[in-house]
>>> print(open('coords.cif').read())   # mmCIF, C-alpha atoms
data_target
#
loop_
_atom_site.label_atom_id
_atom_site.label_comp_id
_atom_site.auth_asym_id
_atom_site.auth_seq_id
_atom_site.Cartn_x
_atom_site.Cartn_y
_atom_site.Cartn_z
CA MET A 1 15.65 -47.68 -0.20
CA SER A 2 17.94 -45.23 -1.97
CA ASP A 3 17.27 -41.53 -2.32
CA PRO A 4 15.60 -40.46 -5.56
CA LYS A 5 17.87 -39.26 -8.35
CA THR A 6 17.90 -35.50 -8.83
CA ILE A 7 17.28 -34.02 -12.26
CA ALA A 8 17.97 -30.36 -12.97
CA LEU A 9 15.48 -29.16 -15.57
CA ILE A 10 16.65 -25.97 -17.26
CA GLU A 11 13.73 -24.90 -19.46
CA ASP A 12 12.36 -21.41 -20.08
CA GLU A 13 8.90 -22.47 -21.30
CA GLU A 14 6.94 -22.51 -18.06
CA SER A 15 4.11 -24.84 -19.11
CA LEU A 16 6.55 -27.44 -20.48
CA ALA A 17 8.73 -27.17 -17.37
CA LYS A 18 5.70 -27.71 -15.14
CA SER A 19 4.37 -30.70 -17.07
CA LEU A 20 7.82 -32.32 -17.28
CA THR A 21 8.43 -31.72 -13.58
CA ASP A 22 5.09 -33.33 -12.70
CA PHE A 23 5.76 -36.25 -15.05
CA LEU A 24 9.28 -36.95 -13.73
CA GLU A 25 8.28 -36.54 -10.09
CA ALA A 26 5.45 -39.05 -10.65
CA LYS A 27 8.14 -41.45 -11.91
CA GLY A 28 10.11 -41.06 -8.67
CA TYR A 29 12.67 -38.39 -9.53
CA ARG A 30 13.43 -35.22 -7.60
CA VAL A 31 13.27 -32.30 -10.05
CA ILE A 32 14.85 -28.89 -9.52
CA ASN A 33 14.14 -26.08 -11.98
CA ALA A 34 15.58 -22.94 -13.52
CA ARG A 35 14.13 -20.81 -16.32
CA ASP A 36 17.33 -19.42 -17.86
CA GLY A 37 20.95 -20.43 -18.39
CA ILE A 38 22.51 -18.25 -15.69
CA LYS A 39 20.13 -19.47 -12.98
CA GLY A 40 20.55 -22.99 -14.33
CA LEU A 41 24.31 -22.88 -13.82
CA PHE A 42 23.87 -21.64 -10.25
CA LEU A 43 21.33 -24.40 -9.61
CA ILE A 44 23.62 -27.09 -11.04
CA ARG A 45 26.70 -25.89 -9.13
CA ALA A 46 24.77 -25.62 -5.85
CA ASN A 47 23.00 -29.00 -6.08
CA LEU A 48 25.24 -31.23 -8.26
CA PRO A 49 22.28 -33.15 -9.73
CA ASP A 50 22.49 -36.68 -11.13
CA LEU A 51 21.42 -35.46 -14.59
CA VAL A 52 20.64 -32.19 -16.39
CA VAL A 53 17.83 -31.81 -18.93
CA LEU A 54 18.74 -28.64 -20.78
CA ASP A 55 16.94 -26.52 -23.36
CA VAL A 56 19.14 -24.79 -25.95
CA MET A 57 17.21 -21.62 -26.75
CA MET A 58 16.95 -19.72 -23.47
CA PRO A 59 17.31 -16.16 -22.21
CA ARG A 60 20.54 -14.79 -20.72
CA LEU A 61 22.75 -17.79 -21.62
CA ASP A 62 21.88 -20.41 -24.22
CA GLY A 63 22.06 -24.13 -23.60
CA PHE A 64 25.25 -24.67 -25.62
CA HIS A 65 27.10 -22.18 -23.39
CA VAL A 66 25.62 -23.76 -20.26
CA LEU A 67 26.71 -27.19 -21.54
CA ASP A 68 30.26 -25.91 -22.13
CA ARG A 69 30.45 -24.54 -18.60
CA ILE A 70 29.10 -27.75 -17.08
CA LYS A 71 31.57 -29.91 -18.99
CA THR A 72 34.57 -27.70 -18.17
CA GLY A 73 33.77 -27.25 -14.47
CA SER A 74 35.82 -29.45 -12.16
CA LYS A 75 32.81 -30.28 -9.95
CA THR A 76 30.24 -30.57 -12.75
CA MET A 77 32.13 -32.15 -15.68
CA ASP A 78 30.86 -35.67 -14.95
CA ILE A 79 27.19 -34.72 -14.72
CA PRO A 80 25.37 -36.13 -17.76
CA VAL A 81 23.47 -33.62 -19.87
CA LEU A 82 20.49 -34.34 -22.10
CA LEU A 83 19.69 -31.53 -24.53
CA LEU A 84 15.96 -31.08 -25.19
CA THR A 85 15.32 -28.49 -27.90
CA VAL A 86 13.39 -27.42 -30.99
CA ARG A 87 16.71 -26.92 -32.77
CA SER A 88 16.87 -29.94 -35.05
CA SER A 89 19.42 -29.08 -37.73
CA ARG A 90 22.29 -31.49 -38.26
CA GLU A 91 24.72 -28.73 -37.29
CA ASP A 92 22.96 -28.16 -33.96
CA ILE A 93 22.86 -31.88 -33.16
CA GLU A 94 26.56 -32.26 -34.04
CA ARG A 95 27.39 -29.21 -31.91
CA GLY A 96 25.55 -30.72 -28.94
CA ILE A 97 27.38 -34.03 -29.27
CA GLN A 98 30.76 -32.32 -29.83
CA HIS A 99 30.18 -30.37 -26.63
CA MET A 100 29.71 -33.68 -24.81
CA ALA A 101 25.95 -33.90 -24.35
CA GLU A 102 24.99 -37.50 -23.64
CA GLU A 103 21.77 -37.16 -25.64
CA TYR A 104 20.04 -34.74 -28.00
CA ILE A 105 16.24 -34.95 -28.19
CA THR A 106 14.23 -32.63 -30.38
CA LYS A 107 10.85 -31.11 -29.56
CA PRO A 108 8.12 -32.15 -29.93
CA PHE A 109 8.92 -35.38 -28.11
CA GLU A 110 7.18 -38.23 -26.34
CA PRO A 111 7.59 -38.04 -22.54
CA GLU A 112 8.04 -41.83 -22.36
CA HIS A 113 10.95 -41.60 -24.83
CA LEU A 114 12.57 -38.91 -22.69
CA LEU A 115 12.04 -41.03 -19.59
CA GLU A 116 13.63 -44.06 -21.24
CA ARG A 117 16.71 -42.05 -22.27
CA ILE A 118 17.00 -40.60 -18.73
CA ARG A 119 16.85 -44.10 -17.26
CA GLN A 120 19.46 -45.40 -19.71
CA ILE A 121 21.86 -42.54 -18.99
CA LEU A 122 21.48 -42.89 -15.22
CA ASN A 123 21.84 -46.69 -15.36
CA THR A 124 25.01 -46.37 -17.44
CA ARG A 125 26.41 -43.88 -14.89
CA ASN A 126 25.65 -46.20 -11.98
CA LYS A 127 27.61 -49.15 -13.35
#
>>> encode(input="coords.cif", output="structure tokens")
Amino acid sequence: MSDPKTIALIEDEESLAKSLTDFLEAKGYRVINARDGIKGLFLIRANLPDLVVLDVMMPRLDGFHVLDRIKTGSKTMDIPVLLLTVRSSREDIERGIQHMAEEYITKPFEPEHLLERIRQILNTRNK
């Protein structure tokens, strides 16, 4: 049996981070967490997860800046990033896609929809 895929969850809202961590771990994923963009970058660089679920509006460094640094880092550029945010304007969504996010999901969201998108991204990466 293969090791579980690791998901880095960078989310500053503690209750959402906890519920998402519990949900994803129950589905067989290993979840590592950070509550702000700076700590998130350190976490990603230290662990090189299989996927990043990233909030946009966070303290210290917003998700768009974190995404830019992931996608321009030589060791992290191939890690898929799924943006999960309340920011739902067309401009924000276009910015996320232009900055090479694999997916942009707006809050509120259905956990099963998020899970399906995670599975699709990881399956595409494994082919």
>>> resolve_selection(input="coords.cif", expression="the PyMOL selection byres ((chain A and resi 84) around 7)", output="JSON, numbers by chain")
{"A": [53, 54, 55, 82, 83, 85, 104, 105, 106, 107]}
>>> closest_residue(input="coords.cif", among="A:Asp12, A:Arg45, A:Phe23, A:Val81", to="Arg60 in chain A", atoms="only C-alpha atoms")
A:Asp12
>>> residues_around(input="coords.cif", residues="Glu25 in chain A", least_positions_apart="3", cutoff="12 Å", atoms="only C-alpha atoms", output="PyMOL selection string")
chain A and resi 4-9+17-22+28-32+115
>>> closest_residue(input="coords.cif", among="A:Lys27, A:Arg69, A:Lys39, A:Arg90", to="Glu11 in chain A", atoms="only C-alpha atoms")
A:Lys39
>>> atom_distance(input="coords.cif", atom1="CA of Ile118 in chain A", atom2="CA of Leu51 in chain A")
7.9 Å
>>> residues_around(input="coords.cif", residues="Thr76 in chain A", least_positions_apart="4", cutoff="7 Å", atoms="all atoms listed in the file", output="ChimeraX atom specification")
/A:45,48,70-71
>>> closest_residue(input="coords.cif", among="A:Met77, A:Leu61, A:Val52, A:Ile10", to="Arg35 in chain A", atoms="only C-alpha atoms")
A:Ile10
>>> closest_residue(input="coords.cif", among="A:Leu114, A:Ala46, A:Ala26, A:Ile38", to="Lys75 in chain A", atoms="only C-alpha atoms")
A:Ala46
>>> closest_residue(input="coords.cif", among="A:Glu116, A:Asp50, A:Asp62, A:Glu102", to="Arg87 in chain A", atoms="only C-alpha atoms")
A:Asp62
>>> atom_distance(input="coords.cif", atom1="CA of Leu24 in chain A", atom2="CA of Glu110 in chain A")
12.8 Å
>>> closest_residue(input="coords.cif", among="A:Gly63, A:Gly37, A:Pro111, A:Pro80", to="Asp92 in chain A", atoms="only C-alpha atoms")
A:Gly63
>>> atom_distance(input="coords.cif", atom1="CA of Asp3 in chain A", atom2="CA of Thr124 in chain A")
17.7 Å
>>> residues_around(input="coords.cif", residues="Phe64 in chain A", least_positions_apart="6", cutoff="9 Å", atoms="all atoms listed in the file", output="VMD selection string")
chain A and resid 55 to 57 83 95 to 96 99
>>> axis_aligned_box(input="coords.cif", around="range 10-14 of chain A", padding_each_side="6 Å", output="JSON")
{"center_x": 11.8, "center_y": -23.7, "center_z": -19.3, "size_x": 21.7, "size_y": 16.6, "size_z": 16.0}
